[in-house]
$ cat work05.pdb   # PDB, C-alpha atoms
ATOM      1  CA  MET J   1     -12.258  69.926 -11.035  1.00  0.00           C
ATOM      2  CA  LYS J   2     -12.126  71.338  -7.527  1.00  0.00           C
ATOM      3  CA  TYR J   3     -11.585  74.847  -6.209  1.00  0.00           C
ATOM      4  CA  LYS J   4      -9.521  76.319  -3.376  1.00  0.00           C
ATOM      5  CA  PHE J   5      -9.751  79.929  -2.246  1.00  0.00           C
ATOM      6  CA  PHE J   6      -7.126  82.079  -0.556  1.00  0.00           C
ATOM      7  CA  ALA J   7      -7.322  85.620   0.836  1.00  0.00           C
ATOM      8  CA  ILE J   8      -3.835  87.068   1.212  1.00  0.00           C
ATOM      9  CA  PRO J   9      -3.483  90.345   3.137  1.00  0.00           C
ATOM     10  CA  ALA J  10      -1.792  93.118   1.152  1.00  0.00           C
ATOM     11  CA  THR J  11       0.349  93.840   4.202  1.00  0.00           C
ATOM     12  CA  ASN J  12       2.289  91.004   5.849  1.00  0.00           C
ATOM     13  CA  PRO J  13       1.244  88.299   3.348  1.00  0.00           C
ATOM     14  CA  GLU J  14       4.029  85.829   4.199  1.00  0.00           C
ATOM     15  CA  SER J  15       2.142  83.153   6.185  1.00  0.00           C
ATOM     16  CA  ILE J  16      -0.836  82.817   3.806  1.00  0.00           C
ATOM     17  CA  GLU J  17       1.462  83.264   0.811  1.00  0.00           C
ATOM     18  CA  SER J  18       3.484  80.212   1.873  1.00  0.00           C
ATOM     19  CA  GLN J  19       0.244  78.188   2.224  1.00  0.00           C
ATOM     20  CA  LEU J  20      -0.758  79.223  -1.308  1.00  0.00           C
ATOM     21  CA  ASN J  21       2.663  78.266  -2.695  1.00  0.00           C
ATOM     22  CA  ALA J  22       2.598  74.906  -0.900  1.00  0.00           C
ATOM     23  CA  PHE J  23      -0.890  74.150  -2.234  1.00  0.00           C
ATOM     24  CA  CYS J  24       0.035  75.067  -5.813  1.00  0.00           C
ATOM     25  CA  SER J  25       3.213  72.996  -5.763  1.00  0.00           C
ATOM     26  CA  SER J  26       1.382  69.869  -4.591  1.00  0.00           C
ATOM     27  CA  HIS J  27      -1.650  69.919  -6.924  1.00  0.00           C
ATOM     28  CA  ARG J  28      -2.397  69.842 -10.655  1.00  0.00           C
ATOM     29  CA  ILE J  29      -3.447  73.451 -11.146  1.00  0.00           C
ATOM     30  CA  SER J  30      -5.591  74.155 -14.192  1.00  0.00           C
ATOM     31  CA  PHE J  31      -6.487  77.800 -13.626  1.00  0.00           C
ATOM     32  CA  ILE J  32      -5.804  80.665 -11.202  1.00  0.00           C
ATOM     33  CA  GLU J  33      -7.916  83.806 -10.971  1.00  0.00           C
ATOM     34  CA  LYS J  34      -6.753  86.646  -8.749  1.00  0.00           C
ATOM     35  CA  HIS J  35      -8.153  90.032  -7.767  1.00  0.00           C
ATOM     36  CA  LEU J  36      -6.943  92.820  -5.530  1.00  0.00           C
ATOM     37  CA  VAL J  37      -9.707  93.832  -3.134  1.00  0.00           C
ATOM     38  CA  MET J  38      -9.122  97.450  -2.114  1.00  0.00           C
ATOM     39  CA  ASP J  39     -10.290  98.165   1.425  1.00  0.00           C
ATOM     40  CA  GLY J  40      -7.731 100.541   2.890  1.00  0.00           C
ATOM     41  CA  ALA J  41      -5.701  98.849   5.629  1.00  0.00           C
ATOM     42  CA  ASN J  42      -7.768  95.670   5.117  1.00  0.00           C
ATOM     43  CA  SER J  43      -6.892  95.288   1.405  1.00  0.00           C
ATOM     44  CA  PHE J  44      -6.140  91.752   0.262  1.00  0.00           C
ATOM     45  CA  TRP J  45      -5.505  89.566  -2.757  1.00  0.00           C
ATOM     46  CA  SER J  46      -8.246  87.049  -3.487  1.00  0.00           C
ATOM     47  CA  PHE J  47      -7.191  83.852  -5.280  1.00  0.00           C
ATOM     48  CA  CYS J  48      -9.485  81.237  -6.797  1.00  0.00           C
ATOM     49  CA  ILE J  49      -7.527  78.144  -7.791  1.00  0.00           C
ATOM     50  CA  ALA J  50      -9.031  75.411  -9.962  1.00  0.00           C
ATOM     51  CA  TRP J  51      -7.252  72.086  -9.603  1.00  0.00           C
ATOM     52  CA  LEU J  52      -7.660  68.597 -10.998  1.00  0.00           C
ATOM     53  CA  GLU J  53      -8.155  65.470  -8.925  1.00  0.00           C
ATOM     54  CA  GLY J  54      -6.606  62.154  -9.747  1.00  0.00           C
ATOM     55  CA  ASP J  55      -3.303  60.419 -10.086  1.00  0.00           C
ATOM     56  CA  GLY J  56      -1.778  63.258 -12.035  1.00  0.00           C
ATOM     57  CA  VAL J  57       1.531  64.923 -11.535  1.00  0.00           C
ATOM     58  CA  PRO J  58       1.640  68.142  -9.491  1.00  0.00           C
ATOM     59  CA  SER J  59       2.125  71.353 -11.463  1.00  0.00           C
ATOM     60  CA  THR J  60       5.723  71.784 -10.338  1.00  0.00           C
ATOM     61  CA  ALA J  61       6.705  68.378 -11.695  1.00  0.00           C
ATOM     62  CA  ILE J  62       5.080  69.199 -15.027  1.00  0.00           C
ATOM     63  CA  ASN J  63       6.850  72.545 -15.273  1.00  0.00           C
ATOM     64  CA  SER J  64      10.237  71.336 -14.061  1.00  0.00           C
ATOM     65  CA  SER J  65      10.698  68.545 -16.580  1.00  0.00           C
ATOM     66  CA  ALA J  66      11.302  69.686 -20.116  1.00  0.00           C
ATOM     67  CA  LYS J  67       9.112  67.643 -22.450  1.00  0.00           C
ATOM     68  CA  ALA J  68      10.050  67.283 -26.066  1.00  0.00           C
ATOM     69  CA  THR J  69       7.731  69.131 -28.420  1.00  0.00           C
ATOM     70  CA  VAL J  70       5.761  66.837 -30.698  1.00  0.00           C
ATOM     71  CA  ASP J  71       5.056  67.914 -34.269  1.00  0.00           C
ATOM     72  CA  TYR J  72       1.719  66.239 -34.991  1.00  0.00           C
ATOM     73  CA  LYS J  73       1.907  67.364 -38.620  1.00  0.00           C
ATOM     74  CA  GLN J  74       4.761  64.889 -39.058  1.00  0.00           C
ATOM     75  CA  ILE J  75       3.138  62.115 -37.026  1.00  0.00           C
ATOM     76  CA  LEU J  76      -0.417  62.257 -38.423  1.00  0.00           C
ATOM     77  CA  SER J  77      -1.477  61.773 -42.025  1.00  0.00           C
ATOM     78  CA  GLU J  78      -2.563  64.857 -43.947  1.00  0.00           C
ATOM     79  CA  VAL J  79      -6.265  64.016 -43.466  1.00  0.00           C
ATOM     80  CA  ASP J  80      -5.778  63.217 -39.769  1.00  0.00           C
ATOM     81  CA  PHE J  81      -3.811  66.427 -39.211  1.00  0.00           C
ATOM     82  CA  ALA J  82      -6.626  68.483 -40.766  1.00  0.00           C
ATOM     83  CA  LEU J  83      -9.049  66.864 -38.302  1.00  0.00           C
ATOM     84  CA  TYR J  84      -6.541  67.465 -35.482  1.00  0.00           C
ATOM     85  CA  VAL J  85      -6.503  71.190 -36.308  1.00  0.00           C
ATOM     86  CA  GLU J  86     -10.322  71.280 -36.284  1.00  0.00           C
ATOM     87  CA  LEU J  87     -10.421  69.533 -32.898  1.00  0.00           C
ATOM     88  CA  ARG J  88      -7.820  71.931 -31.497  1.00  0.00           C
ATOM     89  CA  ASN J  89      -9.923  74.898 -32.631  1.00  0.00           C
ATOM     90  CA  PHE J  90     -13.052  73.311 -31.125  1.00  0.00           C
ATOM     91  CA  ARG J  91     -11.170  72.715 -27.863  1.00  0.00           C
ATOM     92  CA  LYS J  92     -10.022  76.344 -27.815  1.00  0.00           C
ATOM     93  CA  ASP J  93     -13.572  77.655 -28.309  1.00  0.00           C
ATOM     94  CA  LEU J  94     -14.939  75.302 -25.662  1.00  0.00           C
ATOM     95  CA  ALA J  95     -12.206  76.287 -23.192  1.00  0.00           C
ATOM     96  CA  GLU J  96     -13.018  79.968 -23.699  1.00  0.00           C
ATOM     97  CA  GLN J  97     -16.706  79.262 -23.024  1.00  0.00           C
ATOM     98  CA  GLN J  98     -15.860  77.356 -19.829  1.00  0.00           C
ATOM     99  CA  ASN J  99     -13.153  79.852 -18.815  1.00  0.00           C
ATOM    100  CA  VAL J 100     -10.474  77.158 -18.473  1.00  0.00           C
ATOM    101  CA  PRO J 101      -7.218  76.625 -20.347  1.00  0.00           C
ATOM    102  CA  PRO J 102      -7.540  74.325 -23.395  1.00  0.00           C
ATOM    103  CA  TYR J 103      -5.224  71.675 -21.918  1.00  0.00           C
ATOM    104  CA  ALA J 104      -7.638  71.286 -18.976  1.00  0.00           C
ATOM    105  CA  LEU J 105     -10.127  69.776 -21.433  1.00  0.00           C
ATOM    106  CA  PHE J 106      -7.811  67.668 -23.613  1.00  0.00           C
ATOM    107  CA  THR J 107      -4.080  67.627 -24.157  1.00  0.00           C
ATOM    108  CA  ASN J 108      -2.693  67.678 -27.696  1.00  0.00           C
ATOM    109  CA  GLU J 109      -1.681  64.057 -27.189  1.00  0.00           C
ATOM    110  CA  GLN J 110      -5.259  63.106 -26.233  1.00  0.00           C
ATOM    111  CA  LEU J 111      -6.575  64.821 -29.375  1.00  0.00           C
ATOM    112  CA  ALA J 112      -4.105  62.879 -31.520  1.00  0.00           C
ATOM    113  CA  VAL J 113      -5.126  59.574 -29.885  1.00  0.00           C
ATOM    114  CA  MET J 114      -8.815  60.357 -30.490  1.00  0.00           C
ATOM    115  CA  ILE J 115      -8.092  60.902 -34.165  1.00  0.00           C
ATOM    116  CA  GLN J 116      -5.846  57.859 -34.556  1.00  0.00           C
ATOM    117  CA  GLN J 117      -8.356  55.570 -32.832  1.00  0.00           C
ATOM    118  CA  ARG J 118     -11.441  57.303 -34.292  1.00  0.00           C
ATOM    119  CA  ILE J 119     -13.023  57.721 -30.858  1.00  0.00           C
ATOM    120  CA  THR J 120     -16.823  57.979 -31.081  1.00  0.00           C
ATOM    121  CA  THR J 121     -18.164  56.949 -27.663  1.00  0.00           C
ATOM    122  CA  LYS J 122     -18.433  58.531 -24.226  1.00  0.00           C
ATOM    123  CA  GLY J 123     -17.382  55.237 -22.616  1.00  0.00           C
ATOM    124  CA  TRP J 124     -13.906  55.650 -24.077  1.00  0.00           C
ATOM    125  CA  ARG J 125     -13.337  58.710 -21.916  1.00  0.00           C
ATOM    126  CA  LYS J 126     -13.665  56.710 -18.690  1.00  0.00           C
ATOM    127  CA  GLN J 127     -11.555  53.805 -19.912  1.00  0.00           C
ATOM    128  CA  ASN J 128      -8.659  55.624 -21.505  1.00  0.00           C
ATOM    129  CA  LEU J 129      -8.048  59.220 -20.521  1.00  0.00           C
ATOM    130  CA  SER J 130      -8.880  61.655 -17.797  1.00  0.00           C
ATOM    131  CA  VAL J 131     -11.230  63.947 -19.695  1.00  0.00           C
ATOM    132  CA  HIS J 132     -13.087  66.957 -18.361  1.00  0.00           C
ATOM    133  CA  PRO J 133     -16.674  65.549 -18.016  1.00  0.00           C
ATOM    134  CA  PRO J 134     -18.846  68.400 -19.361  1.00  0.00           C
ATOM    135  CA  ILE J 135     -17.428  68.374 -22.865  1.00  0.00           C
ATOM    136  CA  LEU J 136     -18.749  65.026 -24.067  1.00  0.00           C
ATOM    137  CA  VAL J 137     -22.523  64.801 -23.803  1.00  0.00           C
TER     138      VAL J 137
END

$ encode --input "work05.pdb" --output "structure tokens"
Amino acid sequence: MKYKFFAIPATNPESIESQLNAFCSSHRISFIEKHLVMDGANSFWSFCIAWLEGDGVPSTAINSSAKATVDYKQILSEVDFALYVELRNFRKDLAEQQNVPPYALFTNEQLAVMIQQRITTKGWRKQNLSVHPPILV
């Protein structure tokens, strides 16, 4: 994961704002943190943008194409779905600890594949899916 920072003036933000929009539309954004820094006439918005490297699709392409929702309760066996729910809860807790959205760690599809293939090794992560490195130790 990489980071990009922007400071956008509260007055006349157009030029930097367009740079921010161009950056976000051409990268896989995983998280945006923003703060208003109050300093009178010098007030500005501070943006910290976390983005993912790789051959992924930019955020706009992800958001513009409507993906069909998958019901993993129908796809997985009852036992596998129970494990899927546990992994989703673990992912949520881990994402909160790392202050990233859960999908930045694993997608629901990746969780389902892990369960179906009974993934047990770190080597799998490099061979099969783009997985956030700190979570498997």

$ closest_residue --input "work05.pdb" --among "J:Asn99, J:Asn89, J:Thr107, J:Gln116" --to "Ser77 (chain J)" --atoms "only C-alpha atoms"
J:Gln116

$ residues_around --input "work05.pdb" --residues "Met1 (chain J)" --least-positions-apart "3" --cutoff "8 Å" --atoms "only C-alpha atoms" --output "PyMOL selection string"
chain J and resi 50-53+132

$ closest_residue --input "work05.pdb" --among "J:Phe90, J:Phe5, J:Thr69, J:Val85" --to "Cys48 (chain J)" --atoms "only C-alpha atoms"
J:Phe5

$ atom_distance --input "work05.pdb" --atom1 "CA of Lys73 (chain J)" --atom2 "CA of Leu87 (chain J)"
13.8 Å

$ atom_distance --input "work05.pdb" --atom1 "CA of Lys2 (chain J)" --atom2 "CA of Glu33 (chain J)"
13.6 Å

$ resolve_selection --input "work05.pdb" --expression "the PyMOL selection byres ((chain J and resi 102) around 12)" --output "ChimeraX atom specification"
/J:30-31,87-101,103-108,110-111,131-132,135

$ closest_residue --input "work05.pdb" --among "J:Ile115, J:Ala82, J:Ala41, J:Val70" --to "Asn12 (chain J)" --atoms "only C-alpha atoms"
J:Ala41

$ atom_distance --input "work05.pdb" --atom1 "CA of Leu20 (chain J)" --atom2 "CA of Tyr3 (chain J)"
12.7 Å

$ closest_residue --input "work05.pdb" --among "J:Ile8, J:Ile75, J:Leu83, J:Ile49" --to "Ile29 (chain J)" --atoms "all atoms listed in the file"
J:Ile49

$ residues_around --input "work05.pdb" --residues "Ser43 (chain J)" --least-positions-apart "6" --cutoff "10 Å" --atoms "all atoms listed in the file" --output "list of chain:residue names"
J:Ala7, J:Ile8, J:Pro9, J:Ala10, J:Thr11, J:Leu36, J:Val37

$ resolve_selection --input "work05.pdb" --expression "the PyMOL selection byres ((chain J and resi 35) around 6)" --output "list of chain:residue names"
J:Lys34, J:Leu36, J:Trp45, J:Ser46
